[in-house]
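What follows is a single structure, written as structure tokens, with notes after it.
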Amino acid sequence: MSIGGEKGSASTKTPADFLKSIRGRPVVVKLNSGVDYRGILACLDGYMNIAMEQTEEYVNGQLKNKYGDAFIRGNNVLYISTSKRTLAEGSS
Amino acid sequence: MATEEESTVKEPLDLIRLSLDERIYVKLRSDRELRGKLHAYDQHLNMILGDVEESVTTVEIDDETYEEIVRTSRRTVPFLFVRGDGVILVSPPLRTV
Amino acid sequence: MATNPSQLLPSELIDRCIGSKIWVIMKGDKELVGTLRGFDVYVNMVLEDVTEYEITAEGRRITKLDQILLNGNNIAIVSDNHSFNVYMPLFREVTSLWTISQTN
């Protein structure tokens with residue numbers, strides 16, 4: 001059977017393709033705890049362990065810390081995003 | 001040539017390798033932070049730290065004013081084994097912006 | 001375990017979703033809607049034009065993202081966008097409370 005990873009169609013982009021394409025680019029890494037890390041992605045591995053440069057730590061959208069280099073343990077990662085994000089908060 | 005190979009970051013764990021014998025910052029689950037000298041680590045991020053300062057941050061809500069009271073308690077530990085599964089982030093503080 | 005040739009494997013179902021908009025419900029108060037670009041054996045997913053819905057202590061929050069790699073570890077349910085449009089209003093009494101309306 002075919003799993004997404006083996007498909008070669010131009011429109012598909014597997015996690016491996018994605019990881020190759022984002023090295024050296026600015027990324028947002030969101031953890032399961034809700035904390036965001038923004039910085040330049042130095043490298044990552046199959047566990048989603050991440051090394052970042054010029055890292056900024058955001059808690060509830062507010063800048064809390066800066067790190068020159070940062071290693072993030074992969075099990076905490078919710079997603080890795082390439083985007084410049086726009087966000088808005090709803091009325092609670 | 002070999003030294004160049006040793007000093008490059010090809011995979012995330014290289015960042016930890018390059019921090020051996022340096023003081024690092026470790027962010028752990030449940031609002032714990034450590035600063036100490038990295039003596040050893042493995043692929044799980046289990047670590048041996050020396051001259052460690054541990055800080056634990058707690059947030060309490062005042063019963064009457066409902067204000068958030070943030071408390072940080074600190075202690076120092078000569079040697080510490082850190083189990084890797086509690087680690088969120090590791091950073092070499094000397095290179096911190 | 002009998003093998004039924006007509007049976008559709010879970011991963012085949014997800015494979016059929018490549019190129020279309022899907023609705024992902026995570027463990028905890030988090031949901032995402034986006035176009036599925038690909039996935040792997042762990043069901044890590046590459047999603048495009050993503051809208052993330054989360055409920056935090058500070059209230060509801062919506063985040064728009066161009067392209068993400070979503071860790072498969074915390075995915076609970078994967079459904080199609082049509083289900084999102086139908087059931088989202090049922091789950092959330094007043095969807096207009098979301099500050100950004102969901103886009104198609």
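Labels for the structure tokens follow display order: chains A, B, ..., residues from 1 in each chain, ligands from 1.
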
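Residues of stretch 9-81 of chain B assigned to helix (DSSP H, G or I) by DSSP on this structure's backbone: B:Pro12, B:Leu13, B:Asp14, B:Leu15, B:Ile16, B:Arg17.
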
Given only C-alpha atoms, how would the per-residue table for chain A near chain B read, listing every residue at most 8 Å away with its closest atom pair and distance in Å to one decimal, sorted by chain and number, as CSV?
residue,atom,partner,partner_atom,distance
A:Ala42,CA,B:Val9,CA,7.7
A:Cys43,CA,B:Glu11,CA,5.7
A:Leu44,CA,B:Pro12,CA,5.5
A:Asp45,CA,B:Glu11,CA,6.3
A:Asn49,CA,B:Pro12,CA,6.2
A:Ile50,CA,B:Pro12,CA,5.5
A:Ala51,CA,B:Pro12,CA,4.8
A:Gln54,CA,B:Val97,CA,7.7
A:Lys66,CA,B:Val97,CA,6.2
A:Tyr67,CA,B:Thr96,CA,4.7
A:Gly68,CA,B:Thr96,CA,4.3
A:Asp69,CA,B:Ser91,CA,5.8
A:Ala70,CA,B:Ser91,CA,4.6
A:Phe71,CA,B:Val90,CA,5.0
A:Ile72,CA,B:Leu89,CA,4.5
A:Arg73,CA,B:Ile88,CA,5.5
A:Asn76,CA,B:Ile88,CA,6.5

Please write the residues from the selection above to a file, keeping all heavy atoms, as a CSV table (one decimal), in the first residue's frame.
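What landed in out37.csv:
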chain,number,residue,atom,x,y,z
A,42,ALA,N,18.6,26.2,12.9
A,42,ALA,CA,20.0,25.8,12.6
A,42,ALA,C,19.9,24.4,12.0
A,42,ALA,O,20.4,24.1,10.9
A,42,ALA,CB,20.9,25.9,13.8
A,43,CYS,N,19.3,23.5,12.7
A,43,CYS,CA,19.2,22.1,12.3
A,43,CYS,C,18.2,21.3,13.1
A,43,CYS,O,17.8,21.8,14.2
A,43,CYS,CB,20.5,21.4,12.3
A,43,CYS,SG,21.3,21.3,13.9
A,44,LEU,N,17.8,20.2,12.7
A,44,LEU,CA,16.9,19.3,13.5
A,44,LEU,C,17.1,17.9,13.1
A,44,LEU,O,17.7,17.6,12.1
A,44,LEU,CB,15.4,19.8,13.3
A,44,LEU,CG,14.9,20.0,11.8
A,44,LEU,CD1,14.4,18.8,11.2
A,44,LEU,CD2,13.8,21.1,11.9
A,45,ASP,N,16.5,17.0,13.9
A,45,ASP,CA,16.7,15.6,13.6
A,45,ASP,C,15.3,14.9,13.6
A,45,ASP,O,14.3,15.5,13.7
A,45,ASP,CB,17.7,14.9,14.6
A,45,ASP,CG,17.1,14.9,16.0
A,45,ASP,OD1,15.9,15.1,16.2
A,45,ASP,OD2,17.9,14.8,17.0
A,49,ASN,N,14.0,17.1,17.6
A,49,ASN,CA,14.9,17.9,18.4
A,49,ASN,C,15.3,19.1,17.5
A,49,ASN,O,15.5,18.8,16.3
A,49,ASN,CB,16.2,17.1,18.8
A,49,ASN,CG,15.9,16.1,19.8
A,49,ASN,OD1,15.0,16.2,20.7
A,49,ASN,ND2,16.6,15.0,19.7
A,50,ILE,N,15.4,20.3,18.0
A,50,ILE,CA,15.7,21.4,17.2
A,50,ILE,C,16.8,22.3,17.8
A,50,ILE,O,16.9,22.5,19.0
A,50,ILE,CB,14.4,22.3,17.1
A,50,ILE,CG1,13.3,21.5,16.4
A,50,ILE,CG2,14.7,23.6,16.4
A,50,ILE,CD1,11.9,22.2,16.5
A,51,ALA,N,17.7,22.7,16.9
A,51,ALA,CA,18.7,23.7,17.3
A,51,ALA,C,18.3,25.0,16.6
A,51,ALA,O,18.1,25.1,15.4
A,51,ALA,CB,20.1,23.3,16.9
A,54,GLN,N,19.3,32.9,17.6
A,54,GLN,CA,18.6,34.2,17.8
A,54,GLN,C,17.1,33.9,18.2
A,54,GLN,O,16.2,34.4,17.7
A,54,GLN,CB,18.5,35.0,16.5
A,54,GLN,CG,19.9,35.4,16.0
A,54,GLN,CD,19.9,35.9,14.6
A,54,GLN,OE1,18.9,36.6,14.2
A,54,GLN,NE2,20.8,35.4,13.7
A,66,LYS,N,15.3,35.7,25.6
A,66,LYS,CA,16.1,35.6,24.4
A,66,LYS,C,17.2,34.6,24.6
A,66,LYS,O,17.9,34.7,25.7
A,66,LYS,CB,16.6,36.9,23.9
A,66,LYS,CG,15.5,37.8,23.4
A,66,LYS,CD,16.2,39.1,22.8
A,66,LYS,CE,15.1,40.0,22.3
A,66,LYS,NZ,15.7,41.2,21.6
A,67,TYR,N,17.5,33.8,23.7
A,67,TYR,CA,18.7,32.9,23.8
A,67,TYR,C,19.5,33.0,22.5
A,67,TYR,O,18.9,33.0,21.4
A,67,TYR,CB,18.2,31.4,23.9
A,67,TYR,CG,17.2,31.2,25.0
A,67,TYR,CD1,15.8,31.1,24.7
A,67,TYR,CD2,17.6,31.0,26.3
A,67,TYR,CE1,14.9,30.8,25.7
A,67,TYR,CE2,16.7,30.8,27.3
A,67,TYR,CZ,15.3,30.7,27.0
A,67,TYR,OH,14.4,30.5,28.0
A,68,GLY,N,20.8,33.0,22.6
A,68,GLY,CA,21.7,33.1,21.4
A,68,GLY,C,21.5,31.8,20.6
A,68,GLY,O,21.2,31.8,19.5
A,69,ASP,N,21.7,30.7,21.3
A,69,ASP,CA,21.5,29.4,20.8
A,69,ASP,C,20.5,28.6,21.7
A,69,ASP,O,20.5,28.9,22.9
A,69,ASP,CB,22.8,28.5,20.7
A,69,ASP,CG,23.7,29.0,19.6
A,69,ASP,OD1,23.2,29.3,18.5
A,69,ASP,OD2,25.0,29.1,19.9
A,70,ALA,N,19.7,27.8,21.1
A,70,ALA,CA,18.8,27.0,21.9
A,70,ALA,C,18.6,25.6,21.3
A,70,ALA,O,18.5,25.5,20.1
A,70,ALA,CB,17.5,27.7,22.1
A,71,PHE,N,18.6,24.6,22.2
A,71,PHE,CA,18.3,23.3,21.8
A,71,PHE,C,16.9,23.0,22.4
A,71,PHE,O,16.7,23.2,23.6
A,71,PHE,CB,19.3,22.3,22.4
A,71,PHE,CG,18.9,20.9,22.2
A,71,PHE,CD1,19.5,20.1,21.2
A,71,PHE,CD2,18.0,20.2,23.1
A,71,PHE,CE1,19.2,18.8,21.1
A,71,PHE,CE2,17.7,18.9,22.9
A,71,PHE,CZ,18.3,18.2,21.9
A,72,ILE,N,16.0,22.6,21.6
A,72,ILE,CA,14.6,22.2,22.1
A,72,ILE,C,14.4,20.7,21.9
A,72,ILE,O,14.6,20.2,20.8
A,72,ILE,CB,13.5,23.0,21.3
A,72,ILE,CG1,13.7,24.5,21.5
A,72,ILE,CG2,12.1,22.6,21.8
A,72,ILE,CD1,12.8,25.4,20.7
A,73,ARG,N,14.0,20.1,23.0
A,73,ARG,CA,13.8,18.6,23.0
A,73,ARG,C,12.5,18.3,22.2
A,73,ARG,O,11.5,18.8,22.5
A,73,ARG,CB,13.8,18.1,24.4
A,73,ARG,CG,14.1,16.6,24.5
A,73,ARG,CD,14.1,16.1,25.9
A,73,ARG,NE,14.6,14.8,26.1
A,73,ARG,CZ,13.8,13.7,26.2
A,73,ARG,NH1,12.5,13.9,26.1
A,73,ARG,NH2,14.3,12.5,26.4
A,76,ASN,N,8.6,17.9,23.1
A,76,ASN,CA,7.7,19.0,23.5
A,76,ASN,C,7.1,19.7,22.3
A,76,ASN,O,6.3,20.6,22.5
A,76,ASN,CB,8.6,20.0,24.3
A,76,ASN,CG,9.2,19.4,25.5
A,76,ASN,OD1,8.5,18.9,26.4
A,76,ASN,ND2,10.5,19.3,25.5

>> as a ChimeraX atom specification, please: every residue in stretch 3-92 of chain A that DSSP puts in strand (DSSP E).
In response: /A:26-31,36-44,50-59,62-72,77-81,86-89

Take the residues that were just selected and, keeping N, CA and C atoms, output them as a short mmCIF file (atom, residue, chain, number, x, y, z; two decimals), in the first residue's frame.
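part-v4.cif written:
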data_model
loop_
_atom_site.label_atom_id
_atom_site.label_comp_id
_atom_site.auth_asym_id
_atom_site.auth_seq_id
_atom_site.Cartn_x
_atom_site.Cartn_y
_atom_site.Cartn_z
N PRO A 26 13.78 31.48 9.03
CA PRO A 26 13.09 31.85 10.27
C PRO A 26 11.86 30.97 10.48
N VAL A 27 11.71 30.48 11.69
CA VAL A 27 10.59 29.59 11.98
C VAL A 27 9.95 29.96 13.31
N VAL A 28 8.74 29.47 13.49
CA VAL A 28 8.08 29.52 14.77
C VAL A 28 7.90 28.08 15.23
N VAL A 29 8.39 27.78 16.41
CA VAL A 29 8.20 26.44 16.97
C VAL A 29 7.24 26.57 18.14
N LYS A 30 6.13 25.86 18.07
CA LYS A 30 5.18 25.90 19.17
C LYS A 30 5.25 24.60 19.97
N LEU A 31 5.32 24.75 21.27
CA LEU A 31 5.37 23.58 22.14
C LEU A 31 3.96 23.21 22.62
N ASP A 36 5.78 29.66 22.50
CA ASP A 36 6.32 29.78 21.14
C ASP A 36 7.79 30.14 21.17
N TYR A 37 8.55 29.59 20.26
CA TYR A 37 9.94 30.01 20.05
C TYR A 37 10.10 30.47 18.62
N ARG A 38 10.60 31.70 18.46
CA ARG A 38 10.86 32.22 17.12
C ARG A 38 12.34 32.40 16.95
N GLY A 39 12.86 31.99 15.83
CA GLY A 39 14.28 32.15 15.58
C GLY A 39 14.67 31.53 14.25
N ILE A 40 15.99 31.45 14.03
CA ILE A 40 16.50 30.86 12.80
C ILE A 40 16.78 29.39 13.07
N LEU A 41 16.22 28.53 12.25
CA LEU A 41 16.40 27.10 12.44
C LEU A 41 17.80 26.68 11.97
N ALA A 42 18.64 26.24 12.92
CA ALA A 42 19.99 25.80 12.56
C ALA A 42 19.93 24.37 12.01
N CYS A 43 19.33 23.47 12.75
CA CYS A 43 19.17 22.09 12.28
C CYS A 43 18.18 21.34 13.14
N LEU A 44 17.77 20.17 12.67
CA LEU A 44 16.87 19.34 13.45
C LEU A 44 17.07 17.89 13.08
N ILE A 50 15.44 20.26 18.00
CA ILE A 50 15.67 21.43 17.17
C ILE A 50 16.81 22.27 17.75
N ALA A 51 17.71 22.73 16.90
CA ALA A 51 18.70 23.74 17.30
C ALA A 51 18.33 25.04 16.60
N MET A 52 18.19 26.10 17.38
CA MET A 52 17.79 27.41 16.84
C MET A 52 18.80 28.48 17.22
N GLU A 53 18.88 29.52 16.40
CA GLU A 53 19.69 30.69 16.70
C GLU A 53 18.79 31.90 16.86
N GLN A 54 19.31 32.90 17.57
CA GLN A 54 18.56 34.16 17.80
C GLN A 54 17.13 33.85 18.24
N THR A 55 17.04 33.02 19.25
CA THR A 55 15.73 32.51 19.66
C THR A 55 15.04 33.46 20.63
N GLU A 56 13.76 33.69 20.36
CA GLU A 56 12.93 34.49 21.26
C GLU A 56 11.82 33.61 21.81
N GLU A 57 11.59 33.72 23.11
CA GLU A 57 10.58 32.89 23.78
C GLU A 57 9.34 33.73 24.05
N TYR A 58 8.20 33.29 23.56
CA TYR A 58 6.95 34.03 23.76
C TYR A 58 5.97 33.19 24.59
N VAL A 59 5.49 33.78 25.68
CA VAL A 59 4.47 33.13 26.49
C VAL A 59 3.22 34.00 26.41
N GLN A 62 3.67 37.22 24.61
CA GLN A 62 4.58 38.23 25.13
C GLN A 62 6.01 37.70 25.18
N LEU A 63 6.95 38.53 24.75
CA LEU A 63 8.36 38.13 24.76
C LEU A 63 8.84 37.96 26.19
N LYS A 64 9.35 36.77 26.52
CA LYS A 64 9.77 36.50 27.89
C LYS A 64 11.28 36.31 28.01
N ASN A 65 11.94 35.86 26.95
CA ASN A 65 13.35 35.52 27.03
C ASN A 65 13.99 35.54 25.65
N LYS A 66 15.32 35.70 25.64
CA LYS A 66 16.08 35.55 24.40
C LYS A 66 17.24 34.62 24.64
N TYR A 67 17.52 33.78 23.68
CA TYR A 67 18.67 32.87 23.76
C TYR A 67 19.47 32.99 22.47
N GLY A 68 20.81 33.05 22.61
CA GLY A 68 21.66 33.08 21.42
C GLY A 68 21.52 31.79 20.64
N ASP A 69 21.73 30.68 21.33
CA ASP A 69 21.51 29.36 20.77
C ASP A 69 20.54 28.64 21.69
N ALA A 70 19.73 27.79 21.10
CA ALA A 70 18.81 27.02 21.94
C ALA A 70 18.61 25.64 21.34
N PHE A 71 18.61 24.65 22.21
CA PHE A 71 18.26 23.28 21.83
C PHE A 71 16.88 23.01 22.41
N ILE A 72 15.96 22.56 21.58
CA ILE A 72 14.62 22.22 22.07
C ILE A 72 14.42 20.72 21.91
N VAL A 77 7.54 19.40 21.12
CA VAL A 77 7.16 20.20 19.94
C VAL A 77 5.75 19.85 19.46
N LEU A 78 4.90 20.86 19.34
CA LEU A 78 3.57 20.68 18.75
C LEU A 78 3.66 20.85 17.24
N TYR A 79 4.23 21.98 16.79
CA TYR A 79 4.47 22.15 15.35
C TYR A 79 5.64 23.07 15.08
N ILE A 80 6.15 22.97 13.86
CA ILE A 80 7.18 23.87 13.35
C ILE A 80 6.54 24.60 12.18
N SER A 81 6.58 25.92 12.20
CA SER A 81 5.91 26.71 11.17
C SER A 81 6.89 27.64 10.49
N THR A 86 -0.10 35.90 11.87
CA THR A 86 -0.98 36.94 12.38
C THR A 86 -1.88 36.26 13.39
N LEU A 87 -2.10 36.90 14.50
CA LEU A 87 -2.98 36.27 15.47
C LEU A 87 -3.87 37.29 16.16
N ALA A 88 -4.95 36.78 16.64
CA ALA A 88 -5.89 37.65 17.34
C ALA A 88 -6.48 36.87 18.49
N GLU A 89 -6.82 37.57 19.55
CA GLU A 89 -7.41 36.89 20.68
C GLU A 89 -8.90 37.17 20.76
#

>> Would you compute the distance between atom CA of B:Ile69 and atom CA of B:Glu54? Give it in Å to one decimal.
In response: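 Rounded to one decimal, the two atoms are 19.6 Å apart.
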
Selection near C:Asn81, 6 Å with only C-alpha atoms, sequence-local residues under 5 positions removed, as a short mmCIF file (atom, residue, chain, number, x, y, z; two decimals) with C-alpha atoms, in the first residue's frame:
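File produced: selection31.cif:
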data_model
loop_
_atom_site.label_atom_id
_atom_site.label_comp_id
_atom_site.auth_asym_id
_atom_site.auth_seq_id
_atom_site.Cartn_x
_atom_site.Cartn_y
_atom_site.Cartn_z
CA LYS C 21 -8.64 20.69 3.58
CA ILE C 22 -8.80 18.67 6.78
CA TRP C 23 -9.79 19.24 10.37
#

> Which is closer to chain A than all the others in C:Asn73, C:Arg16, C:Arg37, C:Tyr53, using only C-alpha atoms?
Replying inline: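 Among the listed residues, the smallest separation from chain A belongs to C:Arg37.
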